[in-house]
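File shown here: my_file05.cif, holding mmCIF, C-alpha atoms (C1' of nucleotides).
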data_upload
loop_
_atom_site.group_PDB
_atom_site.id
_atom_site.type_symbol
_atom_site.label_atom_id
_atom_site.label_comp_id
_atom_site.auth_asym_id
_atom_site.auth_seq_id
_atom_site.Cartn_x
_atom_site.Cartn_y
_atom_site.Cartn_z
ATOM 1 C CA MET A 74 137.228 -41.657 25.719
ATOM 2 C CA PRO A 75 138.430 -44.279 27.877
ATOM 3 C CA GLU A 76 139.629 -43.899 31.413
ATOM 4 C CA LEU A 77 138.635 -46.157 34.264
ATOM 5 C CA PRO A 78 134.973 -45.037 34.510
ATOM 6 C CA GLU A 79 134.430 -45.258 30.747
ATOM 7 C CA VAL A 80 135.983 -48.728 30.518
ATOM 8 C CA GLU A 81 133.980 -49.831 33.555
ATOM 9 C CA THR A 82 130.812 -48.571 31.873
ATOM 10 C CA ILE A 83 131.539 -50.608 28.760
ATOM 11 C CA ALA A 84 132.458 -53.695 30.785
ATOM 12 C CA ARG A 85 129.226 -53.431 32.723
ATOM 13 C CA ALA A 86 127.196 -53.084 29.532
ATOM 14 C CA LEU A 87 128.817 -56.172 28.028
ATOM 15 C CA ARG A 88 128.338 -58.124 31.235
ATOM 16 C CA GLU A 89 124.830 -57.081 32.166
ATOM 17 C CA GLY A 90 123.419 -55.584 28.997
ATOM 18 C CA GLY A 91 122.983 -51.929 28.151
ATOM 19 C CA ARG A 92 123.782 -49.480 25.372
ATOM 20 C CA GLY A 93 121.023 -51.105 23.416
ATOM 21 C CA ALA A 94 122.167 -54.738 23.630
ATOM 22 C CA GLY A 95 121.934 -57.675 26.001
ATOM 23 C CA PRO A 96 124.879 -59.296 27.767
ATOM 24 C CA ILE A 97 127.445 -61.201 25.705
ATOM 25 C CA VAL A 98 128.347 -63.630 28.476
ATOM 26 C CA HIS A 99 127.586 -67.239 27.439
ATOM 27 C CA ALA A 100 127.644 -66.373 23.737
ATOM 28 C CA ARG A 101 129.960 -68.401 21.509
ATOM 29 C CA VAL A 102 132.247 -66.880 18.906
ATOM 30 C CA ARG A 103 131.171 -68.246 15.550
ATOM 31 C CA SER A 104 133.983 -66.487 13.705
ATOM 32 C CA ALA A 105 136.451 -63.625 14.102
ATOM 33 C CA CYS A 106 137.493 -61.118 11.465
ATOM 34 C CA VAL A 107 140.458 -58.734 11.696
ATOM 35 C CA LEU A 108 140.185 -55.797 9.306
ATOM 36 C CA TRP A 109 143.216 -53.791 10.504
ATOM 37 C CA PRO A 110 145.943 -56.270 11.484
ATOM 38 C CA PRO A 111 147.999 -53.952 13.735
ATOM 39 C CA THR A 112 145.006 -53.904 16.108
ATOM 40 C CA VAL A 113 145.999 -57.394 17.250
ATOM 41 C CA ALA A 114 149.091 -57.186 19.421
ATOM 42 C CA GLU A 115 149.196 -60.922 20.169
ATOM 43 C CA PRO A 116 149.174 -63.372 18.443
ATOM 44 C CA GLY A 117 149.223 -62.612 14.678
ATOM 45 C CA PRO A 118 145.923 -61.635 13.053
ATOM 46 C CA ARG A 119 145.263 -65.015 11.407
ATOM 47 C CA ALA A 120 146.101 -66.934 14.571
ATOM 48 C CA PHE A 121 143.830 -64.550 16.472
ATOM 49 C CA GLU A 122 140.930 -65.393 14.153
ATOM 50 C CA ARG A 123 141.580 -69.126 14.369
ATOM 51 C CA LEU A 124 142.020 -69.228 18.168
ATOM 52 C CA ALA A 125 138.966 -67.073 18.911
ATOM 53 C CA GLN A 126 136.672 -69.218 16.780
ATOM 54 C CA GLY A 127 134.449 -71.512 18.822
ATOM 55 C CA ARG A 128 135.302 -69.975 22.210
ATOM 56 C CA VAL A 129 132.544 -69.205 24.696
ATOM 57 C CA ILE A 130 132.606 -65.833 26.474
ATOM 58 C CA THR A 131 132.475 -66.748 30.156
ATOM 59 C CA GLY A 132 132.865 -63.337 31.795
ATOM 60 C CA VAL A 133 133.728 -59.672 31.356
ATOM 61 C CA ALA A 134 135.986 -57.717 33.698
ATOM 62 C CA ARG A 135 138.181 -54.612 33.873
ATOM 63 C CA ARG A 136 141.703 -54.002 35.145
ATOM 64 C CA GLY A 137 142.912 -50.413 34.914
ATOM 65 C CA LYS A 138 141.961 -49.289 31.411
ATOM 66 C CA TYR A 139 142.016 -52.856 30.075
ATOM 67 C CA LEU A 140 138.831 -54.727 29.319
ATOM 68 C CA LEU A 141 139.000 -58.491 29.910
ATOM 69 C CA LEU A 142 136.867 -60.906 27.925
ATOM 70 C CA HIS A 143 137.215 -64.245 29.666
ATOM 71 C CA LEU A 144 136.814 -67.221 27.344
ATOM 72 C CA ASP A 145 136.625 -70.943 27.897
ATOM 73 C CA ALA A 146 139.645 -73.243 27.542
ATOM 74 C CA GLY A 147 141.770 -70.832 29.553
ATOM 75 C CA TRP A 148 141.856 -68.018 27.030
ATOM 76 C CA THR A 149 141.359 -64.305 27.707
ATOM 77 C CA ALA A 150 141.003 -61.459 25.232
ATOM 78 C CA LEU A 151 142.445 -58.195 26.568
ATOM 79 C CA VAL A 152 141.244 -54.989 24.951
ATOM 80 C CA HIS A 153 142.792 -51.548 25.372
ATOM 81 C CA LEU A 154 140.697 -48.758 23.854
ATOM 82 C CA ARG A 155 143.515 -46.194 23.945
ATOM 83 C CA MET A 156 142.252 -42.851 22.596
ATOM 84 C CA SER A 157 139.308 -43.642 20.369
ATOM 85 C CA GLY A 158 138.383 -47.308 20.676
ATOM 86 C CA ASP A 159 134.820 -48.429 21.310
ATOM 87 C CA LEU A 160 133.082 -51.774 21.673
ATOM 88 C CA GLN A 161 129.527 -52.283 20.491
ATOM 89 C CA VAL A 162 127.166 -55.210 20.189
ATOM 90 C CA LEU A 163 125.176 -55.016 16.969
ATOM 91 C CA PRO A 164 122.945 -57.326 14.962
ATOM 92 C CA THR A 165 125.028 -59.299 12.456
ATOM 93 C CA GLU A 166 123.089 -57.763 9.601
ATOM 94 C CA ALA A 167 123.679 -54.172 10.752
ATOM 95 C CA MET A 168 126.116 -52.028 8.799
ATOM 96 C CA LEU A 169 129.608 -51.975 10.298
ATOM 97 C CA PRO A 170 130.681 -48.694 11.884
ATOM 98 C CA ARG A 171 132.961 -46.661 9.652
ATOM 99 C CA HIS A 172 136.192 -47.423 11.527
ATOM 100 C CA THR A 173 135.661 -51.068 12.448
ATOM 101 C CA ARG A 174 139.064 -52.713 13.048
ATOM 102 C CA LEU A 175 137.886 -56.182 14.048
ATOM 103 C CA TYR A 176 134.712 -58.026 15.010
ATOM 104 C CA TRP A 177 133.464 -61.301 16.427
ATOM 105 C CA ASP A 178 130.323 -62.871 15.018
ATOM 106 C CA LEU A 179 128.455 -64.557 17.857
ATOM 107 C CA ASP A 180 126.302 -67.641 17.514
ATOM 108 C CA ASP A 181 123.143 -65.780 18.572
ATOM 109 C CA GLY A 182 122.918 -63.429 15.600
ATOM 110 C CA ARG A 183 124.864 -60.627 17.195
ATOM 111 C CA ARG A 184 128.292 -59.162 16.493
ATOM 112 C CA LEU A 185 130.856 -57.696 18.888
ATOM 113 C CA VAL A 186 132.417 -54.795 16.994
ATOM 114 C CA PHE A 187 135.618 -52.902 17.766
ATOM 115 C CA ASP A 188 135.472 -49.436 16.217
ATOM 116 C CA ASP A 189 138.583 -47.259 16.515
ATOM 117 C CA PRO A 190 139.106 -44.214 14.268
ATOM 118 C CA ARG A 191 142.661 -43.483 15.385
ATOM 119 C CA LYS A 192 143.884 -47.088 15.211
ATOM 120 C CA PHE A 193 145.663 -46.885 18.577
ATOM 121 C CA GLY A 194 143.534 -49.544 20.276
ATOM 122 C CA ARG A 195 144.972 -53.025 20.820
ATOM 123 C CA TRP A 196 143.732 -56.578 21.476
ATOM 124 C CA TRP A 197 145.649 -59.482 22.978
ATOM 125 C CA LEU A 198 144.460 -63.092 22.954
ATOM 126 C CA THR A 199 146.387 -64.961 25.593
ATOM 127 C CA GLN A 200 146.292 -67.718 28.178
ATOM 128 C CA ASN A 201 148.451 -65.623 30.476
ATOM 129 C CA PRO A 202 146.866 -62.165 30.937
ATOM 130 C CA GLN A 203 149.168 -61.536 33.880
ATOM 131 C CA SER A 204 152.065 -61.203 31.471
ATOM 132 C CA ILE A 205 150.402 -58.039 30.150
ATOM 133 C CA LEU A 206 148.720 -56.731 33.310
ATOM 134 C CA ALA A 207 151.570 -57.290 35.749
ATOM 135 C CA PRO A 208 153.116 -53.803 35.516
ATOM 136 C CA LEU A 209 149.855 -52.092 36.505
ATOM 137 C CA GLY A 210 149.592 -50.325 39.835
ATOM 138 C CA PRO A 211 146.729 -50.883 42.278
ATOM 139 C CA GLU A 212 143.034 -50.458 41.459
ATOM 140 C CA PRO A 213 142.087 -47.101 42.995
ATOM 141 C CA LEU A 214 138.582 -48.291 43.928
ATOM 142 C CA ALA A 215 139.655 -51.569 45.528
ATOM 143 C CA PRO A 216 139.089 -51.841 49.309
ATOM 144 C CA ASP A 217 142.810 -52.225 49.996
ATOM 145 C CA PHE A 218 143.640 -48.960 48.218
ATOM 146 C CA THR A 219 143.823 -46.905 51.394
ATOM 147 C CA PRO A 220 145.331 -43.444 51.924
ATOM 148 C CA GLN A 221 148.351 -45.302 53.284
ATOM 149 C CA ALA A 222 148.575 -47.316 50.078
ATOM 150 C CA LEU A 223 148.526 -44.087 48.057
ATOM 151 C CA ALA A 224 151.198 -42.581 50.314
ATOM 152 C CA GLN A 225 153.328 -45.641 49.752
ATOM 153 C CA ARG A 226 153.008 -45.318 45.957
ATOM 154 C CA LEU A 227 154.113 -41.664 46.082
ATOM 155 C CA ARG A 228 156.864 -42.079 48.647
ATOM 156 C CA GLY A 229 160.256 -40.978 47.452
ATOM 157 C CA ARG A 230 158.945 -39.858 44.070
ATOM 158 C CA ARG A 231 160.137 -36.428 43.009
ATOM 159 C CA ALA A 232 158.122 -36.315 39.799
ATOM 160 C CA ARG A 233 155.215 -33.923 39.389
ATOM 161 C CA LEU A 234 151.932 -35.123 40.809
ATOM 162 C CA LYS A 235 150.138 -34.952 37.474
ATOM 163 C CA ALA A 236 152.781 -37.049 35.753
ATOM 164 C CA LEU A 237 152.602 -39.728 38.439
ATOM 165 C CA LEU A 238 148.815 -39.888 38.373
ATOM 166 C CA LEU A 239 149.017 -40.621 34.645
ATOM 167 C CA ASP A 240 151.614 -43.372 35.178
ATOM 168 C CA GLN A 241 149.690 -46.659 35.083
ATOM 169 C CA ARG A 242 152.396 -48.372 37.134
ATOM 170 C CA VAL A 243 151.669 -46.012 40.036
ATOM 171 C CA ILE A 244 147.855 -46.277 39.977
ATOM 172 C CA ALA A 245 145.859 -48.089 37.282
ATOM 173 C CA GLY A 246 143.070 -46.388 35.374
ATOM 174 C CA ILE A 247 143.605 -42.652 35.876
ATOM 175 C CA GLY A 248 143.764 -40.569 32.683
ATOM 176 C CA ASN A 249 144.003 -36.914 31.779
ATOM 177 C CA ILE A 250 140.456 -35.903 32.692
ATOM 178 C CA TYR A 251 140.155 -37.635 36.037
ATOM 179 C CA ALA A 252 143.691 -36.599 37.045
ATOM 180 C CA ASP A 253 142.879 -32.910 36.523
ATOM 181 C CA GLU A 254 139.472 -33.209 38.176
ATOM 182 C CA ALA A 255 140.881 -35.035 41.203
ATOM 183 C CA LEU A 256 143.702 -32.532 41.685
ATOM 184 C CA HIS A 257 141.246 -29.651 41.636
ATOM 185 C CA ARG A 258 138.948 -31.299 44.154
ATOM 186 C CA ALA A 259 141.959 -32.031 46.358
ATOM 187 C CA GLY A 260 143.249 -28.444 46.053
ATOM 188 C CA LEU A 261 146.644 -29.607 44.826
ATOM 189 C CA HIS A 262 148.833 -27.946 42.214
ATOM 190 C CA PRO A 263 149.546 -30.396 39.365
ATOM 191 C CA LEU A 264 153.252 -29.508 39.316
ATOM 192 C CA ARG A 265 153.862 -30.286 42.980
ATOM 193 C CA PRO A 266 156.636 -32.860 43.454
ATOM 194 C CA ALA A 267 154.843 -35.921 44.822
ATOM 195 C CA ASN A 268 157.162 -36.305 47.794
ATOM 196 C CA THR A 269 156.288 -32.849 49.151
ATOM 197 C CA LEU A 270 152.700 -33.747 50.079
ATOM 198 C CA SER A 271 151.731 -33.769 53.738
ATOM 199 C CA PRO A 272 149.701 -36.710 55.094
ATOM 200 C CA ASP A 273 146.624 -34.473 55.039
ATOM 201 C CA GLU A 274 147.226 -33.601 51.411
ATOM 202 C CA ILE A 275 147.643 -37.265 50.512
ATOM 203 C CA ALA A 276 144.386 -38.032 52.300
ATOM 204 C CA ALA A 277 142.677 -35.253 50.337
ATOM 205 C CA LEU A 278 144.058 -36.610 47.067
ATOM 206 C CA TRP A 279 142.916 -40.129 47.948
ATOM 207 C CA GLN A 280 139.440 -38.865 48.747
ATOM 208 C CA ALA A 281 139.281 -36.806 45.548
ATOM 209 C CA LEU A 282 140.440 -39.681 43.361
ATOM 210 C CA ARG A 283 137.870 -42.071 44.771
ATOM 211 C CA GLN A 284 135.111 -39.501 44.604
ATOM 212 C CA VAL A 285 135.795 -38.463 41.036
ATOM 213 C CA LEU A 286 136.067 -42.065 39.781
ATOM 214 C CA GLN A 287 132.961 -43.193 41.608
ATOM 215 C CA GLU A 288 131.000 -40.252 40.331
ATOM 216 C CA GLY A 289 132.319 -40.915 36.827
ATOM 217 C CA ILE A 290 131.067 -44.493 37.010
ATOM 218 C CA ALA A 291 127.741 -43.383 38.462
ATOM 219 C CA ARG A 292 127.327 -41.074 35.434
ATOM 220 C CA ASN A 293 128.385 -43.782 32.966
ATOM 221 C CA GLY A 294 131.618 -41.964 32.132
ATOM 222 C CA ALA A 295 132.139 -38.773 30.180
ATOM 223 C CA SER A 296 131.068 -37.985 26.623
ATOM 224 C CA ILE A 297 133.040 -35.463 24.633
ATOM 225 C CA ASP A 298 132.590 -34.036 21.149
ATOM 226 C CA TRP A 299 132.000 -36.585 18.438
ATOM 227 C CA MET A 300 133.069 -39.432 20.748
ATOM 228 C CA TYR A 301 129.646 -39.475 22.312
ATOM 229 C CA ARG A 302 128.824 -42.660 24.170
ATOM 230 C CA GLY A 303 126.030 -41.780 26.505
ATOM 231 C CA GLY A 304 127.846 -40.778 29.688
ATOM 232 C CA GLU A 305 127.075 -37.612 31.628
ATOM 233 C CA PHE A 306 130.191 -36.933 33.677
ATOM 234 C CA GLN A 307 131.295 -34.150 31.313
ATOM 235 C CA ASN A 308 128.651 -32.014 33.011
ATOM 236 C CA GLU A 309 130.609 -32.328 36.253
ATOM 237 C CA PHE A 310 133.947 -31.086 34.915
ATOM 238 C CA ARG A 311 135.337 -28.277 37.058
ATOM 239 C CA VAL A 312 138.609 -27.699 35.236
ATOM 240 C CA TYR A 313 139.039 -30.067 32.288
ATOM 241 C CA GLY A 314 138.475 -28.205 29.029
ATOM 242 C CA ARG A 315 137.649 -24.994 30.894
ATOM 243 C CA ALA A 316 140.809 -22.954 30.274
ATOM 244 C CA GLY A 317 140.039 -19.241 30.577
ATOM 245 C CA GLN A 318 136.638 -19.868 32.156
ATOM 246 C CA LEU A 319 136.014 -19.018 35.773
ATOM 247 C CA CYS A 320 136.538 -21.475 38.603
ATOM 248 C CA TYR A 321 133.168 -22.439 40.089
ATOM 249 C CA THR A 322 134.678 -22.304 43.554
ATOM 250 C CA CYS A 323 136.508 -18.956 43.571
ATOM 251 C CA GLY A 324 135.936 -17.215 40.232
ATOM 252 C CA THR A 325 139.578 -17.228 39.167
ATOM 253 C CA PRO A 326 140.211 -18.062 35.476
ATOM 254 C CA ILE A 327 141.218 -21.694 34.940
ATOM 255 C CA GLN A 328 144.741 -22.041 33.596
ATOM 256 C CA ARG A 329 146.068 -24.530 31.100
ATOM 257 C CA VAL A 330 149.664 -25.725 31.046
ATOM 258 C CA ARG A 331 151.520 -28.585 29.430
ATOM 259 C CA VAL A 332 152.656 -31.396 31.754
ATOM 260 C CA ALA A 333 154.024 -34.744 30.604
ATOM 261 C CA GLN A 334 152.917 -33.890 27.058
ATOM 262 C CA ARG A 335 149.332 -33.489 28.183
ATOM 263 C CA SER A 336 147.049 -30.507 28.577
ATOM 264 C CA THR A 337 146.658 -29.808 32.278
ATOM 265 C CA HIS A 338 143.894 -27.620 33.681
ATOM 266 C CA PHE A 339 143.888 -26.117 37.153
ATOM 267 C CA CYS A 340 142.742 -23.190 39.250
ATOM 268 C CA PRO A 341 145.744 -21.154 40.423
ATOM 269 C CA ARG A 342 143.864 -20.002 43.497
ATOM 270 C CA CYS A 343 142.258 -23.261 44.665
ATOM 271 C CA GLN A 344 145.396 -25.210 43.756
ATOM 272 C CA PRO A 345 148.137 -22.854 44.924
ATOM 273 C CA TRP A 346 151.849 -23.401 44.742
ATOM 274 C CA PRO A 347 152.806 -23.965 48.418
ATOM 275 C CA SER A 348 155.633 -21.418 48.494
ATOM 276 C CA GLU A 349 152.804 -18.852 48.633
ATOM 277 C "C1'" DC B 147 164.717 -41.642 38.455
ATOM 278 C "C1'" DC B 148 162.957 -37.833 35.693
ATOM 279 C "C1'" DT B 149 161.812 -34.873 31.545
ATOM 280 C "C1'" DG B 150 160.774 -34.041 26.986
ATOM 281 C "C1'" DA B 151 160.213 -35.317 22.225
ATOM 282 C "C1'" DA B 152 158.611 -38.320 18.776
ATOM 283 C "C1'" DA B 153 155.861 -41.912 17.015
ATOM 284 C "C1'" DC B 154 151.595 -44.463 16.309
ATOM 285 C "C1'" DC B 155 146.692 -42.416 13.607
ATOM 286 C "C1'" DT B 156 142.213 -39.921 12.055
ATOM 287 C "C1'" DG B 157 138.985 -36.402 12.714
ATOM 288 C "C1'" DT B 158 137.469 -31.801 14.206
ATOM 289 C "C1'" DC B 159 137.804 -27.108 14.908
ATOM 290 C "C1'" DT B 160 139.889 -22.386 14.475
ATOM 291 C "C1'" DG B 161 141.908 -18.764 12.167
ATOM 292 C "C1'" DC B 162 143.660 -16.588 8.118
ATOM 293 C "C1'" DT C 128 135.749 -22.312 0.329
ATOM 294 C "C1'" DG C 129 140.452 -23.748 1.081
ATOM 295 C "C1'" DC C 130 144.172 -24.734 3.793
ATOM 296 C "C1'" DA C 131 147.536 -24.880 7.581
ATOM 297 C "C1'" DG C 132 147.956 -25.718 12.283
ATOM 298 C "C1'" DA C 133 146.519 -27.053 16.784
ATOM 299 C "C1'" DC C 134 144.235 -30.228 19.342
ATOM 300 C "C1'" DA C 135 142.182 -34.757 21.119
ATOM 301 C "C1'" DG C 136 140.179 -39.275 26.763
ATOM 302 C "C1'" DG C 137 146.750 -43.271 25.649
ATOM 303 C "C1'" DT C 138 151.064 -45.662 25.569
ATOM 304 C "C1'" DT C 139 155.806 -46.824 24.139
ATOM 305 C "C1'" DT C 140 160.432 -45.811 23.070
ATOM 306 C "C1'" DC C 141 164.397 -43.165 22.994
ATOM 307 C "C1'" DA C 142 167.722 -39.331 24.080
ATOM 308 C "C1'" DG C 143 169.752 -36.498 27.549
#
Representation of the structure as structure tokens:
Amino acid sequence: MPELPEVETIARALREGGRGAGPIVHARVRSACVLWPPTVAEPGPRAFERLAQGRVITGVARRGKYLLLHLDAGWTALVHLRMSGDLQVLPTEAMLPRHTRLYWDLDDGRRLVFDDPRKFGRWWLTQNPQSILAPLGPEPLAPDFTPQALAQRLRGRRARLKALLLDQRVIAGIGNIYADEALHRAGLHPLRPANTLSPDEIAALWQALRQVLQEGIARNGASIDWMYRGGEFQNEFRVYGRAGQLCYTCGTPIQRVRVAQRSTHFCPRCQPWPSE
DNA sequence: CCTGAAACCTGTCTGC
DNA sequence: TGCAGACAGGTTTCAG
């Protein structure tokens, strides 16, 4: 599910209310319960339960694909949803979702639930979130992420464009869907070595990245298959998941190749290999 | 620096 | 209906 727009959608719902629940800011954690210990990366599961107890949630933020739950006393819970994680706010008496890995009971009769079928998601409870977030590249929607900033991140890199877009140290928050969609909108072949882009091509990529992420957020993210979560951006896909179907722009069949272990979708005509 | 493979997991879908 | 295989929005680690 979760790339930047999906995580932003969840953060916004927790901060301002939405998805059928009010905001969790100002609520106090009455107790914490870890059902699948490997979910907690730091500290150990029992310490996590003990340290979370009694904390007040003071704010909710996002950095890349990480969700930040700011707590009082200098603590922060970092959540990474990975492939299948989801956060929900439910009444304490509601039945737990089938794949609940941990939950916080709040002092207002609600429960913050982390549901994660594939068990890849991770939580950290720390007083030094920077120690985990430091390697991340710039936020692509921040005002200082200019075309020049993007050019600087790609400079001297010979790796394929698609691989670099997925590298969180290069830019934070881009995943497989938004990488493919941005490359199509920019008219760039996913296998292009990053250091072969002209300034115009970098500007086009910058524009496409911002546009696709902003539109994703505006549509509350994308919903796919059984991982439905209420977003609508899947209706705007031009290449992702459309292998063999015709490009909306030129009618050429969309191709699928494997890049950096990930399915990569592109239009061979709109995203030509430069050599002709 | 770069690529690919494997590992961490469960669920869904397709084809035989 | 059963079953094998492929596939899935992510990241880390390791070999070459």
Worksheet item: Any idea what's packed within 10 Å of region 149-153 of chain B, counting all atoms listed in the file, ignoring anything in its chain fewer than 2 positions away? Could you give it as number ranges by chain?
Response: A: 232, 332-334; B: 155; C: 139-143
Item to complete: Determine which residues of chain A sit within 10 Å of chain C, taking into account only C-alpha atoms (C1' of nucleotides), and present them as a VMD selection string.
Response: chain A and resid 74 to 76 79 138 153 to 157 193 to 194 239 to 241 248 to 251 295 to 298 300 336
Worksheet item: What is the distance, in Å and to one decimal place, between CA of Gly246 (chain A) and CA of Leu185 (chain A)?
Response: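 Here the two named atoms are 23.4 Å from each other.
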Item to complete: Please write the residues picked by the PyMOL selection byres ((chain B) within 7 of (chain A)) on this file as number ranges by chain.
Response: B: 148, 154-156
Fill in: Interatomic distance, CA of Glu122 (chain A) to CA of Cys106 (chain A) (Å, one decimal)
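About the pair CA of Glu122 (chain A) and CA of Cys106 (chain A): they are 6.1 Å apart.
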Discussion item. Could you tell me how far CA of Gln161 (chain A) sits from CA of Gly137 (chain A), in Å to one decimal place?
Written reply: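 Going from CA of Gly137 (chain A) over to CA of Gln161 (chain A), I get 19.8 Å.
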Item to complete: Output the residue selection produced by the PyMOL selection byres ((chain A and resi 216-226) around 8) on the file above, formatted as a list in words.
Response: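 Given this file, the PyMOL selection byres ((chain A and resi 216-226) around 8) evaluates to Pro211, Glu212, Pro213, Leu214, Ala215, Leu227, Arg228, Val243, Ile244, Pro272, Ile275, Ala276 and Trp279 of chain A.
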Fill in: Selection result of the PyMOL selection byres ((chain A and resi 160) around 8) on this file, as a ChimeraX atom specification
/A:83,158-159,161-162,185-188
Could the residues in this selection be saved with C-alpha atoms as a PDB file, in the coordinates of the input?
ATOM      1  CA  ILE A  83     131.539 -50.608  28.760  1.00  0.00           C
ATOM      2  CA  GLY A 158     138.383 -47.308  20.676  1.00  0.00           C
ATOM      3  CA  ASP A 159     134.820 -48.429  21.310  1.00  0.00           C
ATOM      4  CA  GLN A 161     129.527 -52.283  20.491  1.00  0.00           C
ATOM      5  CA  VAL A 162     127.166 -55.210  20.189  1.00  0.00           C
ATOM      6  CA  LEU A 185     130.856 -57.696  18.888  1.00  0.00           C
ATOM      7  CA  VAL A 186     132.417 -54.795  16.994  1.00  0.00           C
ATOM      8  CA  PHE A 187     135.618 -52.902  17.766  1.00  0.00           C
ATOM      9  CA  ASP A 188     135.472 -49.436  16.217  1.00  0.00           C
TER      10      ASP A 188
END
